[in-house]
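work.cif (mmCIF, N, CA and C atoms; chains and numbers go by the auth columns) appears below.
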```
data_target
#
loop_
_atom_site.group_PDB
_atom_site.id
_atom_site.type_symbol
_atom_site.label_atom_id
_atom_site.label_comp_id
_atom_site.label_asym_id
_atom_site.label_seq_id
_atom_site.Cartn_x
_atom_site.Cartn_y
_atom_site.Cartn_z
_atom_site.B_iso_or_equiv
_atom_site.auth_seq_id
_atom_site.auth_asym_id
ATOM 1 N N MET A 1 125.350 112.920 130.397 0.00 1 A
ATOM 2 C CA MET A 1 124.662 112.172 131.416 0.00 1 A
ATOM 3 C C MET A 1 123.915 111.000 130.795 0.00 1 A
ATOM 4 N N GLU A 2 123.406 111.195 129.612 0.00 2 A
ATOM 5 C CA GLU A 2 122.653 110.139 128.933 0.00 2 A
ATOM 6 C C GLU A 2 123.525 108.901 128.704 0.00 2 A
ATOM 7 N N ILE A 3 124.743 109.114 128.294 0.00 3 A
ATOM 8 C CA ILE A 3 125.632 107.995 127.971 0.00 3 A
ATOM 9 C C ILE A 3 126.083 107.286 129.238 0.00 3 A
ATOM 10 N N GLN A 4 126.426 108.041 130.259 0.00 4 A
ATOM 11 C CA GLN A 4 126.925 107.432 131.488 0.00 4 A
ATOM 12 C C GLN A 4 125.808 106.731 132.262 0.00 4 A
ATOM 13 N N ALA A 5 124.591 107.245 132.216 0.00 5 A
ATOM 14 C CA ALA A 5 123.483 106.630 132.946 0.00 5 A
ATOM 15 C C ALA A 5 123.090 105.285 132.356 0.00 5 A
ATOM 16 N N GLU A 6 123.292 105.103 131.064 0.00 6 A
ATOM 17 C CA GLU A 6 122.979 103.859 130.348 0.00 6 A
ATOM 18 C C GLU A 6 121.532 103.413 130.548 0.00 6 A
ATOM 19 N N ILE A 7 120.617 104.379 130.497 0.00 7 A
ATOM 20 C CA ILE A 7 119.206 104.032 130.671 0.00 7 A
ATOM 21 C C ILE A 7 118.506 103.988 129.319 0.00 7 A
ATOM 22 N N VAL A 8 118.346 105.145 128.692 0.00 8 A
ATOM 23 C CA VAL A 8 117.702 105.242 127.382 0.00 8 A
ATOM 24 C C VAL A 8 118.535 106.183 126.531 0.00 8 A
ATOM 25 N N TYR A 9 118.798 105.767 125.292 0.00 9 A
ATOM 26 C CA TYR A 9 119.597 106.571 124.381 0.00 9 A
ATOM 27 C C TYR A 9 118.726 107.102 123.258 0.00 9 A
ATOM 28 N N LEU A 10 119.148 108.235 122.705 0.00 10 A
ATOM 29 C CA LEU A 10 118.567 108.670 121.451 0.00 10 A
ATOM 30 C C LEU A 10 119.018 107.682 120.383 0.00 10 A
ATOM 31 N N PRO A 11 118.255 107.496 119.314 0.00 11 A
ATOM 32 C CA PRO A 11 118.590 106.450 118.341 0.00 11 A
ATOM 33 C C PRO A 11 120.022 106.500 117.800 0.00 11 A
ATOM 34 N N ALA A 12 120.487 107.662 117.381 0.00 12 A
ATOM 35 C CA ALA A 12 121.839 107.747 116.819 0.00 12 A
ATOM 36 C C ALA A 12 122.893 107.450 117.879 0.00 12 A
ATOM 37 N N ASP A 13 122.701 107.961 119.085 0.00 13 A
ATOM 38 C CA ASP A 13 123.654 107.687 120.155 0.00 13 A
ATOM 39 C C ASP A 13 123.624 106.225 120.573 0.00 13 A
ATOM 40 N N GLY A 14 122.460 105.601 120.513 0.00 14 A
ATOM 41 C CA GLY A 14 122.353 104.184 120.833 0.00 14 A
ATOM 42 C C GLY A 14 123.170 103.319 119.880 0.00 14 A
ATOM 43 N N VAL A 15 123.132 103.660 118.606 0.00 15 A
ATOM 44 C CA VAL A 15 123.942 102.931 117.619 0.00 15 A
ATOM 45 C C VAL A 15 125.431 103.128 117.915 0.00 15 A
ATOM 46 N N ILE A 16 125.810 104.341 118.242 0.00 16 A
ATOM 47 C CA ILE A 16 127.215 104.630 118.532 0.00 16 A
ATOM 48 C C ILE A 16 127.666 103.898 119.788 0.00 16 A
ATOM 49 N N VAL A 17 126.818 103.859 120.824 0.00 17 A
ATOM 50 C CA VAL A 17 127.160 103.139 122.053 0.00 17 A
ATOM 51 C C VAL A 17 127.314 101.650 121.764 0.00 17 A
ATOM 52 N N ALA A 18 126.404 101.082 120.976 0.00 18 A
ATOM 53 C CA ALA A 18 126.486 99.661 120.649 0.00 18 A
ATOM 54 C C ALA A 18 127.765 99.340 119.890 0.00 18 A
ATOM 55 N N ILE A 19 128.106 100.160 118.911 0.00 19 A
ATOM 56 C CA ILE A 19 129.327 99.928 118.135 0.00 19 A
ATOM 57 C C ILE A 19 130.561 100.111 119.006 0.00 19 A
ATOM 58 N N SER A 20 130.545 101.103 119.883 0.00 20 A
ATOM 59 C CA SER A 20 131.714 101.315 120.747 0.00 20 A
ATOM 60 C C SER A 20 131.895 100.166 121.726 0.00 20 A
ATOM 61 N N LYS A 21 130.795 99.552 122.175 0.00 21 A
ATOM 62 C CA LYS A 21 130.913 98.395 123.073 0.00 21 A
ATOM 63 C C LYS A 21 131.428 97.174 122.329 0.00 21 A
ATOM 64 N N VAL A 22 130.955 96.973 121.111 0.00 22 A
ATOM 65 C CA VAL A 22 131.415 95.825 120.319 0.00 22 A
ATOM 66 C C VAL A 22 132.897 95.962 119.974 0.00 22 A
ATOM 67 N N LEU A 23 133.308 97.171 119.587 0.00 23 A
ATOM 68 C CA LEU A 23 134.703 97.406 119.218 0.00 23 A
ATOM 69 C C LEU A 23 135.609 97.635 120.426 0.00 23 A
ATOM 70 N N LYS A 24 134.984 97.751 121.622 0.00 24 A
ATOM 71 C CA LYS A 24 135.723 98.028 122.860 0.00 24 A
ATOM 72 C C LYS A 24 136.537 99.320 122.745 0.00 24 A
ATOM 73 N N LYS A 25 135.896 100.316 122.181 0.00 25 A
ATOM 74 C CA LYS A 25 136.490 101.650 122.042 0.00 25 A
ATOM 75 C C LYS A 25 135.639 102.629 122.830 0.00 25 A
ATOM 76 N N GLU A 26 136.241 103.724 123.236 0.00 26 A
ATOM 77 C CA GLU A 26 135.528 104.738 123.984 0.00 26 A
ATOM 78 C C GLU A 26 134.524 105.462 123.082 0.00 26 A
ATOM 79 N N PHE A 27 133.383 105.835 123.655 0.00 27 A
ATOM 80 C CA PHE A 27 132.313 106.515 122.923 0.00 27 A
ATOM 81 C C PHE A 27 132.830 107.743 122.183 0.00 27 A
ATOM 82 N N SER A 28 133.685 108.515 122.846 0.00 28 A
ATOM 83 C CA SER A 28 134.159 109.766 122.253 0.00 28 A
ATOM 84 C C SER A 28 135.084 109.545 121.056 0.00 28 A
ATOM 85 N N TYR A 29 135.652 108.349 120.925 0.00 29 A
ATOM 86 C CA TYR A 29 136.478 108.037 119.750 0.00 29 A
ATOM 87 C C TYR A 29 135.632 107.550 118.576 0.00 29 A
ATOM 88 N N VAL A 30 134.537 106.869 118.867 0.00 30 A
ATOM 89 C CA VAL A 30 133.696 106.294 117.817 0.00 30 A
ATOM 90 C C VAL A 30 132.727 107.332 117.242 0.00 30 A
ATOM 91 N N LYS A 31 132.250 108.235 118.085 0.00 31 A
ATOM 92 C CA LYS A 31 131.226 109.202 117.668 0.00 31 A
ATOM 93 C C LYS A 31 131.594 110.026 116.437 0.00 31 A
ATOM 94 N N PRO A 32 132.793 110.619 116.347 0.00 32 A
ATOM 95 C CA PRO A 32 133.095 111.410 115.140 0.00 32 A
ATOM 96 C C PRO A 32 133.048 110.588 113.848 0.00 32 A
ATOM 97 N N PHE A 33 133.480 109.338 113.894 0.00 33 A
ATOM 98 C CA PHE A 33 133.459 108.504 112.692 0.00 33 A
ATOM 99 C C PHE A 33 132.036 108.180 112.261 0.00 33 A
ATOM 100 N N LEU A 34 131.181 107.824 113.209 0.00 34 A
ATOM 101 C CA LEU A 34 129.802 107.500 112.857 0.00 34 A
ATOM 102 C C LEU A 34 129.030 108.742 112.436 0.00 34 A
ATOM 103 N N ASP A 35 129.225 109.853 113.142 0.00 35 A
ATOM 104 C CA ASP A 35 128.544 111.092 112.757 0.00 35 A
ATOM 105 C C ASP A 35 128.982 111.547 111.364 0.00 35 A
ATOM 106 N N SER A 36 130.267 111.450 111.087 0.00 36 A
ATOM 107 C CA SER A 36 130.766 111.834 109.762 0.00 36 A
ATOM 108 C C SER A 36 130.208 110.929 108.679 0.00 36 A
ATOM 109 N N SER A 37 130.093 109.636 108.976 0.00 37 A
ATOM 110 C CA SER A 37 129.539 108.723 107.970 0.00 37 A
ATOM 111 C C SER A 37 128.058 109.011 107.737 0.00 37 A
ATOM 112 N N MET A 38 127.334 109.426 108.782 0.00 38 A
ATOM 113 C CA MET A 38 125.925 109.793 108.597 0.00 38 A
ATOM 114 C C MET A 38 125.792 111.070 107.770 0.00 38 A
ATOM 115 N N VAL A 39 126.710 112.006 107.949 0.00 39 A
ATOM 116 C CA VAL A 39 126.694 113.233 107.141 0.00 39 A
ATOM 117 C C VAL A 39 126.985 112.898 105.678 0.00 39 A
ATOM 118 N N ILE A 40 127.962 112.045 105.444 0.00 40 A
ATOM 119 C CA ILE A 40 128.290 111.633 104.070 0.00 40 A
ATOM 120 C C ILE A 40 127.100 110.921 103.430 0.00 40 A
ATOM 121 N N LEU A 41 126.425 110.068 104.202 0.00 41 A
ATOM 122 C CA LEU A 41 125.240 109.379 103.697 0.00 41 A
ATOM 123 C C LEU A 41 124.127 110.379 103.378 0.00 41 A
ATOM 124 N N ALA A 42 123.942 111.375 104.234 0.00 42 A
ATOM 125 C CA ALA A 42 122.922 112.394 103.986 0.00 42 A
ATOM 126 C C ALA A 42 123.229 113.186 102.727 0.00 42 A
ATOM 127 N N VAL A 43 124.504 113.517 102.514 0.00 43 A
ATOM 128 C CA VAL A 43 124.908 114.234 101.303 0.00 43 A
ATOM 129 C C VAL A 43 124.636 113.377 100.069 0.00 43 A
ATOM 130 N N ALA A 44 125.026 112.115 100.136 0.00 44 A
ATOM 131 C CA ALA A 44 124.832 111.213 98.991 0.00 44 A
ATOM 132 C C ALA A 44 123.346 111.034 98.674 0.00 44 A
ATOM 133 N N LEU A 45 122.529 110.803 99.695 0.00 45 A
ATOM 134 C CA LEU A 45 121.094 110.616 99.462 0.00 45 A
ATOM 135 C C LEU A 45 120.433 111.888 98.939 0.00 45 A
ATOM 136 N N SER A 46 120.871 113.019 99.441 0.00 46 A
ATOM 137 C CA SER A 46 120.346 114.291 98.947 0.00 46 A
ATOM 138 C C SER A 46 120.669 114.482 97.473 0.00 46 A
ATOM 139 N N MET A 47 121.892 114.190 97.111 0.00 47 A
ATOM 140 C CA MET A 47 122.290 114.345 95.709 0.00 47 A
ATOM 141 C C MET A 47 121.569 113.339 94.804 0.00 47 A
ATOM 142 N N ILE A 48 121.381 112.119 95.291 0.00 48 A
ATOM 143 C CA ILE A 48 120.732 111.082 94.483 0.00 48 A
ATOM 144 C C ILE A 48 119.247 111.385 94.276 0.00 48 A
ATOM 145 N N PHE A 49 118.541 111.668 95.379 0.00 49 A
ATOM 146 C CA PHE A 49 117.088 111.802 95.292 0.00 49 A
ATOM 147 C C PHE A 49 116.601 113.207 94.952 0.00 49 A
ATOM 148 N N LEU A 50 117.362 114.224 95.330 0.00 50 A
ATOM 149 C CA LEU A 50 116.918 115.589 95.058 0.00 50 A
ATOM 150 C C LEU A 50 117.676 116.243 93.905 0.00 50 A
ATOM 151 N N GLY A 51 118.879 115.759 93.660 0.00 51 A
ATOM 152 C CA GLY A 51 119.688 116.336 92.599 0.00 51 A
ATOM 153 C C GLY A 51 120.498 117.547 93.041 0.00 51 A
ATOM 154 N N TYR A 52 120.349 117.940 94.279 0.00 52 A
ATOM 155 C CA TYR A 52 121.124 119.050 94.840 0.00 52 A
ATOM 156 C C TYR A 52 121.328 118.796 96.338 0.00 52 A
ATOM 157 N N LEU A 53 122.233 119.544 96.924 0.00 53 A
ATOM 158 C CA LEU A 53 122.550 119.381 98.330 0.00 53 A
ATOM 159 C C LEU A 53 121.545 120.141 99.186 0.00 53 A
ATOM 160 N N ALA A 54 120.830 119.424 100.037 0.00 54 A
ATOM 161 C CA ALA A 54 119.833 120.049 100.907 0.00 54 A
ATOM 162 C C ALA A 54 119.985 119.503 102.320 0.00 54 A
ATOM 163 N N GLY A 55 119.954 120.396 103.293 0.00 55 A
ATOM 164 C CA GLY A 55 119.948 119.976 104.693 0.00 55 A
ATOM 165 C C GLY A 55 121.300 119.755 105.328 0.00 55 A
ATOM 166 N N VAL A 56 122.363 119.855 104.560 0.00 56 A
ATOM 167 C CA VAL A 56 123.707 119.681 105.115 0.00 56 A
ATOM 168 C C VAL A 56 124.497 120.939 104.812 0.00 56 A
ATOM 169 N N ARG A 57 124.898 121.612 105.894 0.00 57 A
ATOM 170 C CA ARG A 57 125.702 122.819 105.725 0.00 57 A
ATOM 171 C C ARG A 57 126.912 122.721 106.633 0.00 57 A
ATOM 172 N N GLU A 58 127.607 123.825 106.785 0.00 58 A
ATOM 173 C CA GLU A 58 128.857 123.815 107.542 0.00 58 A
ATOM 174 C C GLU A 58 128.663 123.447 109.008 0.00 58 A
ATOM 175 N N GLY A 59 127.536 123.833 109.602 0.00 59 A
ATOM 176 C CA GLY A 59 127.278 123.501 111.003 0.00 59 A
ATOM 177 C C GLY A 59 127.142 122.010 111.226 0.00 59 A
ATOM 178 N N THR A 60 126.515 121.330 110.278 0.00 60 A
ATOM 179 C CA THR A 60 126.360 119.879 110.366 0.00 60 A
ATOM 180 C C THR A 60 127.716 119.191 110.318 0.00 60 A
ATOM 181 N N ILE A 61 128.554 119.634 109.412 0.00 61 A
ATOM 182 C CA ILE A 61 129.881 119.026 109.254 0.00 61 A
ATOM 183 C C ILE A 61 130.746 119.316 110.472 0.00 61 A
ATOM 184 N N ILE A 62 130.732 120.546 110.954 0.00 62 A
ATOM 185 C CA ILE A 62 131.538 120.906 112.127 0.00 62 A
ATOM 186 C C ILE A 62 131.087 120.120 113.349 0.00 62 A
ATOM 187 N N SER A 63 129.785 120.025 113.573 0.00 63 A
ATOM 188 C CA SER A 63 129.307 119.297 114.743 0.00 63 A
ATOM 189 C C SER A 63 129.607 117.811 114.652 0.00 63 A
ATOM 190 N N ALA A 64 129.572 117.244 113.459 0.00 64 A
ATOM 191 C CA ALA A 64 129.903 115.834 113.301 0.00 64 A
ATOM 192 C C ALA A 64 131.341 115.544 113.699 0.00 64 A
ATOM 193 N N VAL A 65 132.211 116.504 113.481 0.00 65 A
ATOM 194 C CA VAL A 65 133.636 116.300 113.757 0.00 65 A
ATOM 195 C C VAL A 65 134.006 116.634 115.199 0.00 65 A
ATOM 196 N N ILE A 66 133.394 117.658 115.799 0.00 66 A
ATOM 197 C CA ILE A 66 133.895 118.115 117.102 0.00 66 A
ATOM 198 C C ILE A 66 133.101 117.648 118.319 0.00 66 A
ATOM 199 N N ILE A 67 131.918 117.074 118.156 0.00 67 A
ATOM 200 C CA ILE A 67 131.146 116.661 119.324 0.00 67 A
ATOM 201 C C ILE A 67 131.854 115.551 120.099 0.00 67 A
ATOM 202 N N GLY A 68 132.475 114.599 119.421 0.00 68 A
ATOM 203 C CA GLY A 68 133.207 113.522 120.111 0.00 68 A
ATOM 204 C C GLY A 68 134.299 114.049 121.026 0.00 68 A
ATOM 205 N N PRO A 69 135.199 114.890 120.529 0.00 69 A
ATOM 206 C CA PRO A 69 136.223 115.465 121.422 0.00 69 A
ATOM 207 C C PRO A 69 135.639 116.308 122.559 0.00 69 A
ATOM 208 N N ILE A 70 134.541 117.009 122.307 0.00 70 A
ATOM 209 C CA ILE A 70 133.909 117.783 123.375 0.00 70 A
ATOM 210 C C ILE A 70 133.371 116.852 124.455 0.00 70 A
ATOM 211 N N VAL A 71 132.758 115.742 124.048 0.00 71 A
ATOM 212 C CA VAL A 71 132.268 114.753 125.011 0.00 71 A
ATOM 213 C C VAL A 71 133.417 114.210 125.846 0.00 71 A
ATOM 214 N N LYS A 72 134.552 113.958 125.218 0.00 72 A
ATOM 215 C CA LYS A 72 135.706 113.434 125.948 0.00 72 A
ATOM 216 C C LYS A 72 136.183 114.424 127.008 0.00 72 A
ATOM 217 N N VAL A 73 136.285 115.692 126.655 0.00 73 A
ATOM 218 C CA VAL A 73 136.730 116.715 127.609 0.00 73 A
ATOM 219 C C VAL A 73 135.735 116.847 128.755 0.00 73 A
ATOM 220 N N LEU A 74 134.453 116.928 128.426 0.00 74 A
ATOM 221 C CA LEU A 74 133.435 117.052 129.467 0.00 74 A
ATOM 222 C C LEU A 74 133.392 115.823 130.361 0.00 74 A
ATOM 223 N N LYS A 75 133.594 114.650 129.771 0.00 75 A
ATOM 224 C CA LYS A 75 133.604 113.411 130.555 0.00 75 A
ATOM 225 C C LYS A 75 134.744 113.427 131.565 0.00 75 A
ATOM 226 N N ASN A 76 135.894 113.904 131.167 0.00 76 A
ATOM 227 C CA ASN A 76 137.028 113.974 132.081 0.00 76 A
ATOM 228 C C ASN A 76 136.744 114.892 133.270 0.00 76 A
ATOM 229 N N TYR A 77 136.066 116.003 133.036 0.00 77 A
ATOM 230 C CA TYR A 77 135.800 116.967 134.095 0.00 77 A
ATOM 231 C C TYR A 77 134.561 116.631 134.923 0.00 77 A
ATOM 232 N N LEU A 78 133.554 116.055 134.317 0.00 78 A
ATOM 233 C CA LEU A 78 132.266 115.883 134.985 0.00 78 A
ATOM 234 C C LEU A 78 131.944 114.453 135.402 0.00 78 A
ATOM 235 N N ASP A 79 132.812 113.501 135.115 0.00 79 A
ATOM 236 C CA ASP A 79 132.542 112.090 135.391 0.00 79 A
ATOM 237 C C ASP A 79 132.158 111.840 136.847 0.00 79 A
ATOM 238 N N SER A 80 132.939 112.355 137.768 0.00 80 A
ATOM 239 C CA SER A 80 132.670 112.085 139.185 0.00 80 A
ATOM 240 C C SER A 80 131.363 112.729 139.637 0.00 80 A
ATOM 241 N N TYR A 81 131.063 113.917 139.138 0.00 81 A
ATOM 242 C CA TYR A 81 129.818 114.590 139.521 0.00 81 A
ATOM 243 C C TYR A 81 128.608 113.851 138.977 0.00 81 A
ATOM 244 N N ILE A 82 128.697 113.396 137.759 0.00 82 A
ATOM 245 C CA ILE A 82 127.572 112.666 137.147 0.00 82 A
ATOM 246 C C ILE A 82 127.366 111.339 137.864 0.00 82 A
ATOM 247 N N ALA A 83 128.438 110.679 138.250 0.00 83 A
ATOM 248 C CA ALA A 83 128.326 109.409 138.986 0.00 83 A
ATOM 249 C C ALA A 83 127.604 109.625 140.312 0.00 83 A
ATOM 250 N N LYS A 84 127.872 110.727 140.996 0.00 84 A
ATOM 251 C CA LYS A 84 127.193 111.034 142.257 0.00 84 A
ATOM 252 C C LYS A 84 125.705 111.290 142.023 0.00 84 A
ATOM 253 N N ILE A 85 125.388 111.980 140.956 0.00 85 A
ATOM 254 C CA ILE A 85 123.977 112.278 140.653 0.00 85 A
ATOM 255 C C ILE A 85 123.233 111.005 140.320 0.00 85 A
ATOM 256 N N ILE A 86 123.852 110.109 139.549 0.00 86 A
ATOM 257 C CA ILE A 86 123.198 108.875 139.133 0.00 86 A
ATOM 258 C C ILE A 86 122.945 107.953 140.322 0.00 86 A
ATOM 259 N N GLU A 87 123.912 107.911 141.251 0.00 87 A
ATOM 260 C CA GLU A 87 123.757 107.036 142.424 0.00 87 A
ATOM 261 C C GLU A 87 122.698 107.611 143.319 0.00 87 A
#
```
Would you encode the structure as structure tokens?
Amino acid sequence: MEIQAEIVYLPADGVIVAISKVLKKEFSYVKPFLDSSMVILAVALSMIFLGYLAGVREGTIISAVIIGPIVKVLKNYLDSYIAKIIE
């Protein structure tokens, strides 16, 4: 609902929405790439500054990869209902 309403975004989602609009790609296609790049950046910064991996585990990696496809499926099923609620 946050993405379709286009009112206020969480910071990470706002960046993804902006990039998807510039590239003219659907949000659900851009999200896995940006989320994965943020996970890679978190891993790199953790290794550089702490010397070990902290804060990134399997759940972070799985969610970075599958949230985009889940959004796409939910958007297909719930688009009309969300549009009615927003109006």
Fill in: Residue contacts of A:Gly68 (8 Å, only C-alpha atoms) excluding same-chain residues fewer than 2 positions away, as a list in words
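Result of the neighbour search: Phe27, Ser28, Tyr29, Val30, Lys31, Pro32, Ala64, Val65, Ile66, Ile70, Val71 and Lys72 of chain A.
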Once the PyMOL selection byres ((chain A and resi 3-20) around 8) is applied to the coordinates I shared, what remains selected? I want it as a CSV table (one decimal) with N, CA and C atoms, in the frame of the given file.
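As a result, out22.csv now contains:
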```
chain,number,residue,atom,x,y,z
A,1,MET,N,125.4,112.9,130.4
A,1,MET,CA,124.7,112.2,131.4
A,1,MET,C,123.9,111.0,130.8
A,2,GLU,N,123.4,111.2,129.6
A,2,GLU,CA,122.7,110.1,128.9
A,2,GLU,C,123.5,108.9,128.7
A,21,LYS,N,130.8,99.6,122.2
A,21,LYS,CA,130.9,98.4,123.1
A,21,LYS,C,131.4,97.2,122.3
A,22,VAL,N,131.0,97.0,121.1
A,22,VAL,CA,131.4,95.8,120.3
A,22,VAL,C,132.9,96.0,120.0
A,23,LEU,N,133.3,97.2,119.6
A,23,LEU,CA,134.7,97.4,119.2
A,23,LEU,C,135.6,97.6,120.4
A,24,LYS,N,135.0,97.8,121.6
A,24,LYS,CA,135.7,98.0,122.9
A,24,LYS,C,136.5,99.3,122.7
A,25,LYS,N,135.9,100.3,122.2
A,25,LYS,CA,136.5,101.6,122.0
A,25,LYS,C,135.6,102.6,122.8
A,26,GLU,N,136.2,103.7,123.2
A,26,GLU,CA,135.5,104.7,124.0
A,26,GLU,C,134.5,105.5,123.1
A,27,PHE,N,133.4,105.8,123.7
A,27,PHE,CA,132.3,106.5,122.9
A,27,PHE,C,132.8,107.7,122.2
A,28,SER,N,133.7,108.5,122.8
A,28,SER,CA,134.2,109.8,122.3
A,28,SER,C,135.1,109.5,121.1
A,29,TYR,N,135.7,108.3,120.9
A,29,TYR,CA,136.5,108.0,119.8
A,29,TYR,C,135.6,107.6,118.6
A,30,VAL,N,134.5,106.9,118.9
A,30,VAL,CA,133.7,106.3,117.8
A,30,VAL,C,132.7,107.3,117.2
A,31,LYS,N,132.2,108.2,118.1
A,31,LYS,CA,131.2,109.2,117.7
A,31,LYS,C,131.6,110.0,116.4
A,34,LEU,N,131.2,107.8,113.2
A,34,LEU,CA,129.8,107.5,112.9
A,34,LEU,C,129.0,108.7,112.4
A,35,ASP,N,129.2,109.9,113.1
A,35,ASP,CA,128.5,111.1,112.8
A,35,ASP,C,129.0,111.5,111.4
A,82,ILE,N,128.7,113.4,137.8
A,82,ILE,CA,127.6,112.7,137.1
A,82,ILE,C,127.4,111.3,137.9
A,83,ALA,N,128.4,110.7,138.2
A,83,ALA,CA,128.3,109.4,139.0
A,83,ALA,C,127.6,109.6,140.3
A,86,ILE,N,123.9,110.1,139.5
A,86,ILE,CA,123.2,108.9,139.1
A,86,ILE,C,122.9,108.0,140.3
```
Fill in: Gap from atom CA of A:Leu50 to atom C of A:Ile67 - Å, one decimal
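Distance between the two atoms: 29.2 Å.
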Discussion item. Please report the interatomic distance between atom CA of A:Val43 and atom CA of A:Gly59 in Å with one decimal.
Written reply: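 Computing it gives 13.6 Å between the two atoms.
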Worksheet item: Can you tell me how far atom CA of A:Leu78 sits from atom CA of A:Ser63, in Å to one decimal?
Response: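 Going from atom CA of A:Leu78 over to atom CA of A:Ser63 covers 20.7 Å.
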Discussion item. Just want the 9 Å neighbourhood of A:Ser46, counted on only C-alpha atoms, with same-chain residues fewer than 6 positions away dropped. Output as an MDAnalysis selection string.
Written reply: chainID A and resid 52:56
Could you take the residues named above and write them with N, CA and C atoms, as a PDB file, in the frame of the given file?
```pdb
ATOM      1  N   TYR A  52     120.349 117.940  94.279  1.00  0.00           N
ATOM      2  CA  TYR A  52     121.124 119.050  94.840  1.00  0.00           C
ATOM      3  C   TYR A  52     121.328 118.796  96.338  1.00  0.00           C
ATOM      4  N   LEU A  53     122.233 119.544  96.924  1.00  0.00           N
ATOM      5  CA  LEU A  53     122.550 119.381  98.330  1.00  0.00           C
ATOM      6  C   LEU A  53     121.545 120.141  99.186  1.00  0.00           C
ATOM      7  N   ALA A  54     120.830 119.424 100.037  1.00  0.00           N
ATOM      8  CA  ALA A  54     119.833 120.049 100.907  1.00  0.00           C
ATOM      9  C   ALA A  54     119.985 119.503 102.320  1.00  0.00           C
ATOM     10  N   GLY A  55     119.954 120.396 103.293  1.00  0.00           N
ATOM     11  CA  GLY A  55     119.948 119.976 104.693  1.00  0.00           C
ATOM     12  C   GLY A  55     121.300 119.755 105.328  1.00  0.00           C
ATOM     13  N   VAL A  56     122.363 119.855 104.560  1.00  0.00           N
ATOM     14  CA  VAL A  56     123.707 119.681 105.115  1.00  0.00           C
ATOM     15  C   VAL A  56     124.497 120.939 104.812  1.00  0.00           C
TER      16      VAL A  56
END
```
Item to complete: May I have all residues of chain A that DSSP, computed from the backbone, assigns to helix (DSSP H, G or I), given as a PyMOL selection string?
Response: chain A and resi 2-5+11-23+27-49+58-86
